[in-house]
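Novice: Data: input24.csv, CSV, C-alpha atoms.
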```csv
chain,number,residue,atom,x,y,z
K,1,MET,CA,-9.0,64.2,41.4
K,2,ALA,CA,-5.2,64.4,41.4
K,3,ALA,CA,-5.0,60.9,40.0
K,4,ALA,CA,-7.5,61.9,37.2
K,5,GLU,CA,-5.5,64.9,36.3
K,6,ALA,CA,-2.3,62.9,36.3
K,7,GLY,CA,-3.9,60.6,33.8
K,8,VAL,CA,-4.9,63.4,31.6
K,9,VAL,CA,-1.5,64.9,31.6
K,10,SER,CA,0.2,61.6,30.9
K,11,SER,CA,-2.1,60.9,27.9
K,12,SER,CA,-1.7,64.3,26.4
K,13,SER,CA,2.0,64.1,26.7
K,14,LEU,CA,2.1,61.1,24.2
K,15,LYS,CA,0.6,63.3,21.4
K,16,PRO,CA,3.1,64.8,18.9
K,17,ASP,CA,3.7,68.5,19.5
K,18,THR,CA,2.7,69.5,15.9
K,19,ALA,CA,0.1,71.6,14.3
K,20,PRO,CA,-3.2,70.0,13.2
K,21,VAL,CA,-3.1,68.4,9.7
K,22,PRO,CA,-5.5,70.1,7.3
K,23,LYS,CA,-8.5,68.0,6.2
K,24,SER,CA,-7.5,68.2,2.5
K,25,ALA,CA,-4.0,67.0,3.3
K,26,GLY,CA,-5.4,64.0,5.2
K,27,MET,CA,-7.6,62.9,2.3
K,28,ALA,CA,-4.6,63.2,0.0
K,29,ALA,CA,-2.6,61.0,2.2
K,30,ALA,CA,-5.4,58.4,2.5
K,31,THR,CA,-5.8,58.3,-1.3
K,32,ALA,CA,-2.0,57.8,-1.7
K,33,ALA,CA,-2.1,55.0,0.8
K,34,THR,CA,-5.0,53.3,-1.0
K,35,SER,CA,-3.3,53.6,-4.4
K,36,SER,CA,-0.2,52.1,-2.9
K,37,ALA,CA,-2.1,49.2,-1.4
K,38,MET,CA,-3.9,48.6,-4.7
K,39,ALA,CA,-0.6,48.6,-6.5
K,40,ALA,CA,0.8,46.1,-4.0
K,41,ALA,CA,-2.2,43.9,-4.4
K,42,ALA,CA,-1.9,44.0,-8.2
K,43,ALA,CA,1.7,43.0,-7.9
K,44,VAL,CA,0.8,40.0,-5.7
K,45,ALA,CA,-1.9,39.0,-8.1
K,46,SER,CA,0.5,39.2,-10.9
K,47,ARG,CA,3.0,37.1,-9.1
K,48,SER,CA,0.3,34.5,-8.2
K,49,GLY,CA,-0.8,34.3,-11.8
K,50,SER,CA,2.8,33.8,-12.9
K,51,GLU,CA,3.3,31.1,-10.3
K,52,ALA,CA,0.1,29.4,-11.5
K,53,ARG,CA,1.3,29.4,-15.0
K,54,VAL,CA,4.6,28.0,-13.9
K,55,SER,CA,3.0,25.3,-11.8
K,56,LYS,CA,1.2,23.7,-14.7
K,57,PRO,CA,4.4,22.6,-16.6
K,58,ALA,CA,5.8,21.5,-13.2
K,59,LEU,CA,2.7,19.4,-12.6
K,60,ALA,CA,2.8,17.9,-16.1
K,61,THR,CA,6.5,17.0,-15.6
K,62,LYS,CA,5.6,15.4,-12.3
K,63,LEU,CA,2.7,13.5,-13.8
K,64,LEU,CA,4.7,12.1,-16.6
K,65,SER,CA,7.5,11.1,-14.2
K,66,LEU,CA,5.2,8.9,-12.0
K,67,SER,CA,6.0,5.2,-12.2
K,68,GLY,CA,4.8,2.4,-10.1
K,69,VAL,CA,1.6,0.6,-8.8
K,70,PHE,CA,-1.1,1.9,-6.6
K,71,ALA,CA,-4.8,1.2,-5.9
K,72,VAL,CA,-8.0,3.1,-6.3
K,73,HIS,CA,-11.5,2.5,-4.9
K,74,LYS,CA,-13.8,1.6,-7.7
K,75,PRO,CA,-17.5,2.3,-6.9
K,76,LYS,CA,-20.5,0.4,-8.3
K,77,GLY,CA,-21.5,1.5,-11.8
K,78,PRO,CA,-18.6,2.3,-14.1
K,79,THR,CA,-16.6,-0.5,-15.8
K,80,SER,CA,-12.9,-0.8,-14.9
K,81,ALA,CA,-12.0,0.8,-18.2
K,82,GLU,CA,-14.4,3.7,-17.7
K,83,LEU,CA,-13.0,4.4,-14.2
K,84,LEU,CA,-9.5,4.4,-15.7
K,85,ASN,CA,-10.6,7.0,-18.2
K,86,ARG,CA,-12.0,9.1,-15.5
K,87,LEU,CA,-8.8,8.9,-13.5
K,88,LYS,CA,-6.7,9.8,-16.6
K,89,GLU,CA,-8.9,12.8,-17.4
K,90,LYS,CA,-8.7,14.2,-13.9
K,91,LEU,CA,-4.9,13.9,-13.9
K,92,LEU,CA,-4.6,15.5,-17.3
K,93,ALA,CA,-6.9,18.4,-16.3
K,94,GLU,CA,-4.9,19.0,-13.1
K,95,ALA,CA,-1.7,19.2,-15.1
K,96,GLY,CA,-3.2,21.5,-17.6
K,97,MET,CA,-2.8,19.1,-20.5
K,98,PRO,CA,-5.7,18.9,-23.0
K,99,SER,CA,-7.7,15.8,-23.0
K,100,PRO,CA,-6.6,14.1,-26.3
K,101,GLU,CA,-8.6,12.1,-28.7
K,102,TRP,CA,-7.3,8.6,-29.3
K,103,THR,CA,-4.7,8.7,-32.0
K,104,LYS,CA,-1.7,6.6,-33.1
K,105,ARG,CA,0.8,9.2,-32.0
K,106,LYS,CA,3.6,8.6,-29.6
K,107,GLN,CA,2.6,7.8,-26.0
K,108,THR,CA,3.1,10.4,-23.3
K,109,LEU,CA,1.3,8.8,-20.4
K,110,LYS,CA,0.8,5.1,-19.7
K,111,ILE,CA,-1.8,4.0,-17.2
K,112,GLY,CA,-3.5,0.7,-16.9
K,113,HIS,CA,-5.4,-1.6,-14.5
K,114,GLY,CA,-4.4,-5.1,-13.4
K,115,GLY,CA,-7.6,-7.1,-13.6
K,116,THR,CA,-11.2,-6.3,-14.5
K,117,LEU,CA,-13.7,-5.7,-11.7
K,118,ASP,CA,-17.4,-6.1,-12.8
K,119,SER,CA,-19.3,-2.9,-13.3
K,120,ALA,CA,-21.8,-4.0,-10.6
K,121,ALA,CA,-18.9,-4.6,-8.2
K,122,ARG,CA,-16.9,-2.2,-6.0
K,123,GLY,CA,-13.6,-2.3,-4.3
K,124,VAL,CA,-9.8,-2.4,-4.9
K,125,LEU,CA,-8.7,-1.8,-8.5
K,126,VAL,CA,-4.9,-2.0,-8.9
K,127,VAL,CA,-3.5,0.7,-11.2
K,128,GLY,CA,-0.1,0.9,-12.9
K,129,ILE,CA,1.3,4.2,-14.2
K,130,GLY,CA,4.4,4.8,-16.3
K,131,ARG,CA,6.8,1.8,-16.1
K,132,GLY,CA,4.5,0.4,-13.4
K,133,THR,CA,2.2,-0.9,-16.2
K,134,LYS,CA,4.8,-3.6,-16.8
K,135,LEU,CA,4.1,-5.0,-13.3
K,136,LEU,CA,0.3,-5.5,-13.9
K,137,THR,CA,0.6,-9.0,-15.2
K,138,SER,CA,1.7,-10.2,-11.8
K,139,MET,CA,-1.4,-8.6,-10.3
K,140,LEU,CA,-3.6,-10.9,-12.4
K,141,SER,CA,-2.0,-14.1,-11.1
K,142,GLY,CA,-1.9,-12.9,-7.5
K,143,SER,CA,-4.4,-13.5,-4.8
K,144,LYS,CA,-7.7,-11.6,-4.5
K,145,ARG,CA,-10.2,-11.4,-1.6
K,146,TYR,CA,-13.9,-10.7,-1.9
K,147,ILE,CA,-17.0,-10.3,0.2
K,148,ALA,CA,-19.9,-11.6,-1.9
K,149,THR,CA,-23.6,-11.6,-1.1
K,150,GLY,CA,-25.6,-14.2,-3.0
K,151,GLU,CA,-29.4,-14.6,-3.5
K,152,LEU,CA,-30.8,-18.1,-3.5
K,153,GLY,CA,-33.8,-19.1,-5.6
K,154,LYS,CA,-33.0,-17.0,-8.7
K,155,ALA,CA,-30.6,-17.6,-11.6
K,156,THR,CA,-29.8,-14.9,-14.2
K,157,ASP,CA,-28.1,-14.9,-17.6
K,158,THR,CA,-25.2,-12.8,-16.2
K,159,LEU,CA,-25.0,-14.8,-12.9
K,160,ASP,CA,-25.6,-11.5,-11.0
K,161,SER,CA,-28.4,-9.1,-10.2
K,162,THR,CA,-27.9,-7.1,-13.4
K,163,GLY,CA,-29.0,-9.9,-15.7
K,164,LYS,CA,-32.4,-11.3,-16.7
K,165,VAL,CA,-33.9,-14.0,-14.5
K,166,THR,CA,-33.7,-17.3,-16.3
K,167,GLU,CA,-34.8,-19.7,-13.6
K,168,GLU,CA,-36.5,-19.7,-10.2
K,169,LYS,CA,-36.3,-22.6,-7.6
K,170,PRO,CA,-37.4,-23.1,-4.0
K,171,TYR,CA,-34.8,-22.4,-1.3
K,172,ASP,CA,-36.9,-22.5,1.9
K,173,LYS,CA,-35.5,-25.8,3.1
K,174,ILE,CA,-31.8,-24.8,2.8
K,175,THR,CA,-30.1,-24.3,6.1
K,176,GLN,CA,-26.9,-22.6,7.2
K,177,GLU,CA,-25.5,-26.0,7.9
K,178,ASP,CA,-26.3,-27.1,4.4
K,179,ILE,CA,-24.3,-24.2,2.9
K,180,GLU,CA,-21.3,-24.7,5.3
K,181,GLY,CA,-21.3,-28.4,4.5
K,182,ILE,CA,-20.6,-27.9,0.8
K,183,LEU,CA,-18.1,-25.1,0.9
K,184,GLN,CA,-15.2,-27.6,1.2
K,185,LYS,CA,-16.0,-28.8,-2.3
K,186,PHE,CA,-15.2,-25.3,-3.6
K,187,THR,CA,-11.9,-24.9,-1.7
K,188,GLY,CA,-8.4,-25.7,-2.9
K,189,ASN,CA,-7.5,-26.5,-6.5
K,190,ILE,CA,-10.8,-26.9,-8.4
K,191,MET,CA,-12.2,-26.8,-11.9
K,192,GLN,CA,-14.5,-23.9,-12.8
K,193,VAL,CA,-16.5,-23.0,-15.9
K,194,PRO,CA,-16.3,-19.2,-16.5
K,195,PRO,CA,-19.5,-17.2,-17.1
K,196,LEU,CA,-20.6,-16.4,-20.6
K,197,TYR,CA,-20.8,-12.7,-19.7
K,198,SER,CA,-17.1,-12.2,-19.1
K,199,ALA,CA,-13.9,-10.5,-20.4
K,200,LEU,CA,-12.8,-13.7,-22.0
K,201,LYS,CA,-12.6,-13.6,-25.8
K,202,LYS,CA,-13.6,-15.5,-28.8
K,203,ASP,CA,-12.1,-14.5,-32.2
K,204,GLY,CA,-10.8,-11.4,-30.6
K,205,GLN,CA,-14.1,-10.2,-29.2
K,206,ARG,CA,-15.3,-10.4,-25.6
K,207,LEU,CA,-17.9,-13.1,-24.8
K,208,SER,CA,-20.0,-10.5,-23.1
K,209,THR,CA,-20.1,-8.3,-26.2
K,210,LEU,CA,-21.2,-11.3,-28.3
K,211,MET,CA,-23.9,-12.2,-25.8
K,212,LYS,CA,-25.3,-8.6,-25.8
K,213,ARG,CA,-25.6,-8.8,-29.6
K,214,GLY,CA,-27.7,-11.9,-29.3
K,215,GLU,CA,-25.1,-14.2,-30.8
K,216,VAL,CA,-24.9,-17.8,-29.8
K,217,VAL,CA,-21.9,-18.4,-27.6
K,218,GLU,CA,-20.7,-21.7,-26.3
K,219,ALA,CA,-19.5,-21.9,-22.8
K,220,LYS,CA,-15.7,-22.1,-22.3
K,221,PRO,CA,-14.5,-25.4,-20.9
K,222,ALA,CA,-13.8,-25.8,-17.2
K,223,ARG,CA,-10.3,-24.7,-16.2
K,224,PRO,CA,-8.2,-25.0,-13.1
K,225,VAL,CA,-8.5,-22.3,-10.4
K,226,THR,CA,-7.5,-22.0,-6.8
K,227,VAL,CA,-9.5,-21.0,-3.8
K,228,TYR,CA,-7.3,-20.4,-0.7
K,229,SER,CA,-10.1,-19.8,1.8
K,230,LEU,CA,-13.9,-19.8,1.7
K,231,SER,CA,-16.3,-19.2,4.6
K,232,LEU,CA,-19.9,-18.3,5.3
K,233,GLN,CA,-20.2,-15.0,7.1
K,234,LYS,CA,-24.0,-14.6,7.3
K,235,PHE,CA,-27.1,-16.4,6.3
K,236,GLN,CA,-30.5,-14.7,6.2
K,237,PRO,CA,-32.6,-16.6,3.6
K,238,PRO,CA,-32.6,-16.1,0.7
K,239,PHE,CA,-29.3,-14.1,1.2
K,240,PHE,CA,-25.9,-15.5,2.1
K,241,THR,CA,-22.6,-13.7,2.5
K,242,LEU,CA,-19.2,-15.3,1.6
K,243,ASP,CA,-15.6,-14.3,2.4
K,244,VAL,CA,-13.5,-15.7,-0.5
K,245,GLU,CA,-9.8,-15.6,-1.1
K,246,CYS,CA,-8.8,-16.9,-4.5
K,247,GLY,CA,-6.2,-16.9,-7.3
K,248,GLY,CA,-6.2,-15.3,-10.7
K,249,GLY,CA,-8.9,-16.2,-13.3
K,250,PHE,CA,-11.5,-17.1,-10.6
K,251,TYR,CA,-15.1,-15.9,-11.0
K,252,ILE,CA,-17.2,-15.2,-7.9
K,253,ARG,CA,-20.3,-15.2,-10.0
K,254,SER,CA,-19.6,-18.8,-11.1
K,255,LEU,CA,-18.9,-19.8,-7.5
K,256,VAL,CA,-22.2,-18.5,-6.3
K,257,SER,CA,-24.1,-20.0,-9.2
K,258,ASP,CA,-22.4,-23.4,-8.6
K,259,ILE,CA,-23.2,-23.2,-4.8
K,260,GLY,CA,-26.9,-22.7,-5.7
K,261,LYS,CA,-26.9,-25.8,-8.0
K,262,GLU,CA,-25.1,-27.9,-5.4
K,263,LEU,CA,-27.9,-27.0,-3.0
K,264,SER,CA,-30.5,-28.2,-5.6
K,265,SER,CA,-31.6,-24.6,-6.1
K,266,CYS,CA,-30.0,-21.7,-8.0
K,267,ALA,CA,-28.3,-18.4,-7.0
K,268,ASN,CA,-26.9,-15.2,-8.3
K,269,VAL,CA,-24.6,-12.5,-7.0
K,270,LEU,CA,-26.4,-9.6,-5.4
K,271,GLU,CA,-23.4,-7.6,-4.0
K,272,LEU,CA,-19.7,-8.0,-4.6
K,273,THR,CA,-16.8,-6.1,-3.0
K,274,ARG,CA,-13.1,-6.8,-3.7
K,275,THR,CA,-11.4,-6.1,-0.4
K,276,LYS,CA,-7.9,-7.1,-1.4
K,277,GLN,CA,-5.8,-7.6,-4.5
K,278,GLY,CA,-2.2,-8.7,-4.0
K,279,PRO,CA,-0.8,-6.6,-1.1
K,280,PHE,CA,-3.3,-3.8,-1.6
K,281,THR,CA,-6.4,-3.6,0.7
K,282,LEU,CA,-9.5,-1.6,0.4
K,283,GLU,CA,-9.2,0.1,3.8
K,284,GLU,CA,-5.5,0.9,3.8
K,285,HIS,CA,-4.5,1.6,0.2
K,286,ALA,CA,-7.4,2.3,-2.2
K,287,LEU,CA,-7.6,6.0,-3.0
K,288,PRO,CA,-11.2,7.4,-3.2
K,289,GLU,CA,-11.9,9.7,-6.1
K,290,ASP,CA,-11.5,12.9,-4.1
K,291,ARG,CA,-7.8,11.9,-3.7
K,292,TRP,CA,-7.1,11.3,-7.4
K,293,THR,CA,-4.5,14.1,-7.5
K,294,ILE,CA,-1.0,14.0,-8.8
K,295,ASP,CA,0.4,14.7,-5.3
K,296,ASP,CA,-1.8,12.0,-3.6
K,297,ILE,CA,-0.9,9.4,-6.2
K,298,ALA,CA,2.9,10.3,-5.9
K,299,GLN,CA,2.6,9.8,-2.2
K,300,SER,CA,0.7,6.5,-2.6
K,301,LEU,CA,3.3,5.2,-5.1
K,302,GLU,CA,6.0,5.9,-2.5
K,303,GLN,CA,4.1,4.1,0.3
K,304,CYS,CA,3.0,1.2,-1.9
K,305,SER,CA,6.5,0.5,-3.3
K,306,SER,CA,7.4,-1.2,0.0
K,307,LEU,CA,4.5,-3.6,-0.5
K,308,LEU,CA,5.9,-5.1,-3.6
K,309,PRO,CA,8.4,-8.0,-3.7
K,310,ALA,CA,12.0,-6.8,-4.2
K,311,GLU,CA,12.2,-8.4,-7.7
K,312,MET,CA,9.3,-6.2,-8.7
K,313,ALA,CA,10.8,-2.9,-7.5
K,314,LEU,CA,11.3,-0.3,-10.2
K,315,LYS,CA,14.7,1.2,-10.7
K,316,LYS,CA,14.9,5.0,-10.7
K,317,SER,CA,14.5,6.4,-14.2
K,318,LYS,CA,16.5,9.2,-15.7
K,319,PRO,CA,15.3,12.8,-15.0
K,320,GLU,CA,12.6,14.1,-17.3
K,321,GLU,CA,13.4,16.5,-20.0
K,322,SER,CA,12.4,20.1,-20.0
K,323,SER,CA,8.8,21.2,-19.2
K,324,GLU,CA,8.4,22.6,-22.7
K,325,GLN,CA,9.2,19.2,-24.3
K,326,VAL,CA,6.8,17.4,-21.9
K,327,LEU,CA,4.0,19.8,-22.6
K,328,SER,CA,4.4,19.4,-26.4
K,329,CYS,CA,3.4,15.7,-26.0
K,330,GLU,CA,-0.3,16.0,-25.9
K,331,TYR,CA,-1.5,12.6,-27.2
K,332,ILE,CA,-2.1,9.4,-25.5
K,333,THR,CA,-2.3,6.0,-27.2
K,334,LEU,CA,-4.8,3.3,-26.3
K,335,SER,CA,-3.5,-0.2,-26.4
K,336,GLU,CA,-4.7,-3.5,-24.9
K,337,ILE,CA,-2.6,-6.3,-23.6
K,338,LYS,CA,-4.6,-9.5,-24.0
K,339,GLY,CA,-4.7,-11.7,-20.9
K,340,GLU,CA,-6.1,-15.3,-20.7
K,341,ASP,CA,-7.8,-14.8,-17.4
K,342,ASP,CA,-8.4,-11.1,-17.1
K,343,VAL,CA,-7.8,-7.9,-19.1
K,344,ILE,CA,-5.0,-5.4,-18.6
K,345,LYS,CA,-6.0,-2.1,-20.0
K,346,THR,CA,-3.2,0.3,-20.8
K,347,PHE,CA,-3.9,3.9,-21.8
```
Go ahead and render the structure in this file as C-alpha cells.

Specialist:
Amino acid sequence: MAAAEAGVVSSSSLKPDTAPVPKSAGMAAATAATSSAMAAAAAVASRSGSEARVSKPALATKLLSLSGVFAVHKPKGPTSAELLNRLKEKLLAEAGMPSPEWTKRKQTLKIGHGGTLDSAARGVLVVGIGRGTKLLTSMLSGSKRYIATGELGKATDTLDSTGKVTEEKPYDKITQEDIEGILQKFTGNIMQVPPLYSALKKDGQRLSTLMKRGEVVEAKPARPVTVYSLSLQKFQPPFFTLDVECGGGFYIRSLVSDIGKELSSCANVLELTRTKQGPFTLEEHALPEDRWTIDDIAQSLEQCSSLLPAEMALKKSKPEESSEQVLSCEYITLSEIKGEDDVIKTF
C-alpha cells in the first residue's frame, strides 16, 4: 500500500502547479497550432514547387552537356531508328523540353546509333550523344557478337521469320555433324551477298524500301566480310543455334540462308540477339528502357568511357552557357550519315 501511495505521489508531483485551462482556450490554442502547421506545409510545398521549376533548367543543361558513347537494350519490334526516337523523347520530357517537330533549325541535341539492328532482333544498340556521335563510325567497323536461331526447311524473302515463305525443302536427314562440318567454310575472311531487305541503298533509297514497293531490285554483288568465330550451340531439328562473332557489314540472315543452301536445304533466321558490339555487352552495359534517364545515362557514359581506346576518348568541353540560353533552343535537326555497311542515324 505504501508503495502504491508513493507512486501516486510521485506521479502527481510531475504535473505543473497551475489552474486548469478553460475548454475554449484549449480549442483556440489547437486552432492556432493547426493554422501554423498548415502555413508551414504551404511554405514547404511552395519551396518544393520552386525547386522543381529550377530542376528542369538544370536537367536540360545536364542533358545538353552529355557527350560520349553508351549502349541500350533494344527489344524486338521497333526499328533502331524508332527506338532512338523513343529514347530522345523520354530524355526531352524529363528535361521539360517540348518534343519538337523536325525543322531545319540549329541543332540542340545530337544523338545517334552506331549500326542498324533488325526490327525482329534484340540486343545491344550502341548510342552516341553529343560529340560522341563522331565516334559511331568506329562502332560500325568493330566486332559484333550474336546468338542466332535458324530454322531449316523454310526460305523467306527477308531471310528471317518476318518474311513470306518462298521455298520449302526437306531437312530430316541433316545431322548435327553435318552442320558442324560446314561451319569452317563460313569462318575467316569470306565473301557474302547481302540480303535484298537491308539498309543498303540504291539511288539514295534503301533496298528494303524498294522491295516493299514491289520494285525489282538486283542483288548486290558479294563483298568481303570477316567471321572471327562461329560455333553450333544447339541442334534440335529443324532449329539450330549459332554463336557468331563477326566484323562490320556482316549479315547473320545471309549466313543462316547460306548454311541452309550448303546443307542442300534452306533456312531462315527465327531469333536473333546481339550480345556484344565493340566493348559493350548486353549483360553488363546495355541500359533497359526503365533506366533511360539523364542521370543513368550520365553514369553509364562515365563507366563506358574506360572501355574505349585512348585515341577515341573525348576531351572535356567548355562549360555550357546559362540555363535560359539552353532552354531557348527547342529544335532538333534530323540528319543521316550514309554508311556503306550500316546506317548511322543522328538526331

Novice: For CA of Gly132 (chain K) and CA of Ser67 (chain K), determine how far apart the two atoms are, in Å to one decimal place.

Specialist: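 It comes out at 5.2 Å.
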
Novice: Need the shell around region 243-245 of chain K: protein/DNA/RNA residues with any atom at most 12 Å away, counting all atoms listed in the file. Skip same-chain ones fewer than 6 positions apart. Format as a PyMOL selection string?

Specialist: chain K and resi 142-150+183+186-188+225-234+251-253+255-256+272-278

Novice: One decimal, in Å: what's the spacing between CA of Val269 (chain K) and CA of Gly163 (chain K)?

Specialist: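 Calculated distance between CA of Val269 (chain K) and CA of Gly163 (chain K) is 10.1 Å.
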
Novice: To one decimal in Å, tell me the separation between CA of Pro224 (chain K) and CA of Ile190 (chain K).

Specialist: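 Interatomic distance here is 5.7 Å.
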
Novice: For Asn268 (chain K), which residue out of K:Thr156, K:Ser80, K:Ser119, K:Gln299 is the nearest one, using only C-alpha atoms?

Specialist: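 So, comparing all the options, the nearest one is K:Thr156.
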
Novice: Which of these residues is nearest to Gln236 (chain K), using all atoms listed in the file: K:Glu151, K:Asp118, K:Asp290, K:Asp296?

Specialist: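 Looking at the shortest contact to Gln236 (chain K), the residue is K:Glu151.
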
Novice: Given the choices K:Ala95, K:Ala298, K:Val193, K:Leu125, which gets closest to Pro279 (chain K) if the distance is worked out from all atoms listed in the file?

Specialist: K:Leu125

Novice: What are the centre and the three edge lengths of an axis-aligned box that wraps all atoms of region 233-246 of chain K in the file, given that 8 Å is added to every side, written as lines of an AutoDock Vina configuration file and rounded to one decimal in Å?

Specialist:
```
center_x = -20.7
center_y = -15.3
center_z = 1.4
size_x = 39.8
size_y = 19.2
size_z = 27.8
```

Novice: Contacts of region 177-181 of chain K at 9 Å or less, counting only C-alpha atoms, minus same-chain residues fewer than 3 places along, as a PyMOL selection string?

Specialist: chain K and resi 174+184-185+231-232+235+240+259+263

Novice: Of the candidates K:Cys266, K:Ala222, K:Leu135, K:Leu140, which one gets nearest to Leu308 (chain K) if we count only C-alpha atoms?

Specialist: K:Leu135
